[in-house]
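The structure under discussion appears below in the form of structure tokens.
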Amino acid sequence: SLGYYEQYAQMAARMFKELYFDNDPTPALTTISIEPTYDEATHKLAIKGSGQLSEDFTTIFDSTMGLTVYVTEDSLVARQLNQGTWVAGYVHDYVVRAIPSAYSGDAITVSGQTSFEKDYTVTLNSAWNPEKMHIVALAHRRGATAAAKQVINCETVPLLQTGVKGDVTGDGVVDIADVNAVINIMLGKAEQTAAADVTGEGSVDIADVNAVINIMLGKAEHSDAADVTGEGTVDIA
């Protein structure tokens with residue numbers, strides 16, 4: 001058994017249908033940082049969600065926002081219904097396993113605040129594979145209609161945090177490849193990772209690119225966090 005839960009699947013489907021708006025020009029007025037801690041012995045997962053709020057948030061949106069958190073699993077093999085035909089051996093990714101938050105999102109007070117923080121705990125099924133699991137967090141409006149519930153920002157991180165911070169490609173060296181890796185993540189061409197957040201501010205932006213370049217050029221002290229590619233040194237190539 002894959003541990004499929006119909007109620008979670010239906011809730012997630014309704015949630016994504018309400019929250020997803022393609023080509024939404026609204027700027028992201030909050031960052032999202034996810035810090036998971038997993039106890040392999042008890043299968044308990046603790047999740048800390050936090051972020052920095054823009055001072056323009058309440059001007060553009062409301063005094064509260066919603067935070068919805070999903071725990072998903074990849075590489076689940078099961079049949080898939082495709083245009084009326086069942087396809088055997090289909091590989092499913094991002095299958096919703098648990099929703100630690102409220103289905104419609106937990107209310108986060110924004111008015112008068114510059115940041116937010118929310119903690120969650122959930123016990124995972126022992127049959128699930130933590131190495132193939134992710135945590136997905138959505139910051140969104142909490143209006144009464146679908147149009148008033150659009151996603152403001154989102155973040156996805158692996159459930160198991162491995163490797164050295166800054167080691168995106170895992171080759172042990174900080175060079176031009178690291179700069180390119182961070183730029184691709186910043187532009188949305190690659191999935192964001194905790195390793196790419198060299199400055200530790202909860203998001204990947206131009207500040208992280210500059211941090212890697214400065215260390216590569218010897219203008220800042222070499223650190224593990226700056227070795228984005230993980231090849232062991234900080235250099236041009």
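Residues are referred to by chain and number: the chain letter is A, B, ... according to the order shown in the structure tokens, the number counts from 1 in that chain, and ligands are numbered separately from 1 in the order shown.
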Contacts of Thr123 in chain A at 9 Å or less, counting only C-alpha atoms, minus same-chain residues fewer than 4 places along, as a ChimeraX atom specification? /A:42-46
Now that the selection is made, can you save its residues with C-alpha atoms as an mmCIF file, in the first residue's frame?
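As written to disk, part-v4.cif reads:
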data_model
loop_
_atom_site.group_PDB
_atom_site.id
_atom_site.type_symbol
_atom_site.label_atom_id
_atom_site.label_comp_id
_atom_site.auth_asym_id
_atom_site.auth_seq_id
_atom_site.Cartn_x
_atom_site.Cartn_y
_atom_site.Cartn_z
ATOM 1 C CA THR A 42 9.655 8.411 16.600
ATOM 2 C CA HIS A 43 8.837 9.550 13.031
ATOM 3 C CA LYS A 44 7.864 12.931 14.449
ATOM 4 C CA LEU A 45 8.372 15.931 12.198
ATOM 5 C CA ALA A 46 8.652 19.458 13.576
#
For range 57-82 of chain A against range 113-121 of chain A, with a cut-off of 12 Å and counting only C-alpha atoms, what is the closest atom pair and its distance in Å to one decimal for every residue that makes the cut, ordered by chain and number, as CSV?
residue,atom,partner,partner_atom,distance
A:Phe57,CA,A:Thr114,CA,9.7
A:Thr58,CA,A:Gln113,CA,9.9
A:Ser63,CA,A:Gln113,CA,9.6
A:Thr64,CA,A:Gln113,CA,10.3
A:Met65,CA,A:Phe116,CA,10.4
A:Gly66,CA,A:Lys118,CA,11.1
A:Leu67,CA,A:Lys118,CA,8.7
A:Thr68,CA,A:Lys118,CA,10.6
A:Val69,CA,A:Tyr120,CA,8.8
A:Tyr70,CA,A:Tyr120,CA,10.8
A:Val71,CA,A:Thr121,CA,11.0
With only C-alpha atoms as the counted atoms, please give the residues lying no more than 7 Å from Met133 in chain A, apart from itself and same-chain residues fewer than 6 positions off, as a PyMOL selection string. chain A and resi 72-74+158-159
If you run DSSP on the backbone here, which positions in range 14-231 of chain A get alpha helix (DSSP H)? Please write them as a ChimeraX atom specification. /A:14-19,57-60,176-186,206-216
Interatomic distance, CA of Asn153 in chain A to CA of Ala207 in chain A (Å, one decimal): 18.9 Å
Could you check the closest approach to Asp62 in chain A for each of A:Ile152, A:Leu138, A:Ala127, A:Val77 and tell me which residue wins, using only C-alpha atoms? A:Ile152
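Minimum atom-to-atom distances from A:Ile108, A:Val136, A:Ala144, A:Ile176 to Val96 in chain A were compared using only C-alpha atoms, and the lowest value belongs to A:Val136.
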Which of range 65-206 of chain A end up as strand (DSSP E or B) when DSSP is run on this backbone - answer as a VMD selection string? chain A and resid 65 to 73 76 to 82 85 to 92 95 to 98 106 to 109 115 to 123 133 to 140 151 to 158 171 to 174
Which is closest to Ala139 in chain A among A:Leu124, A:Val174, A:Ala181, A:Ala107, if we use only C-alpha atoms? A:Ala107
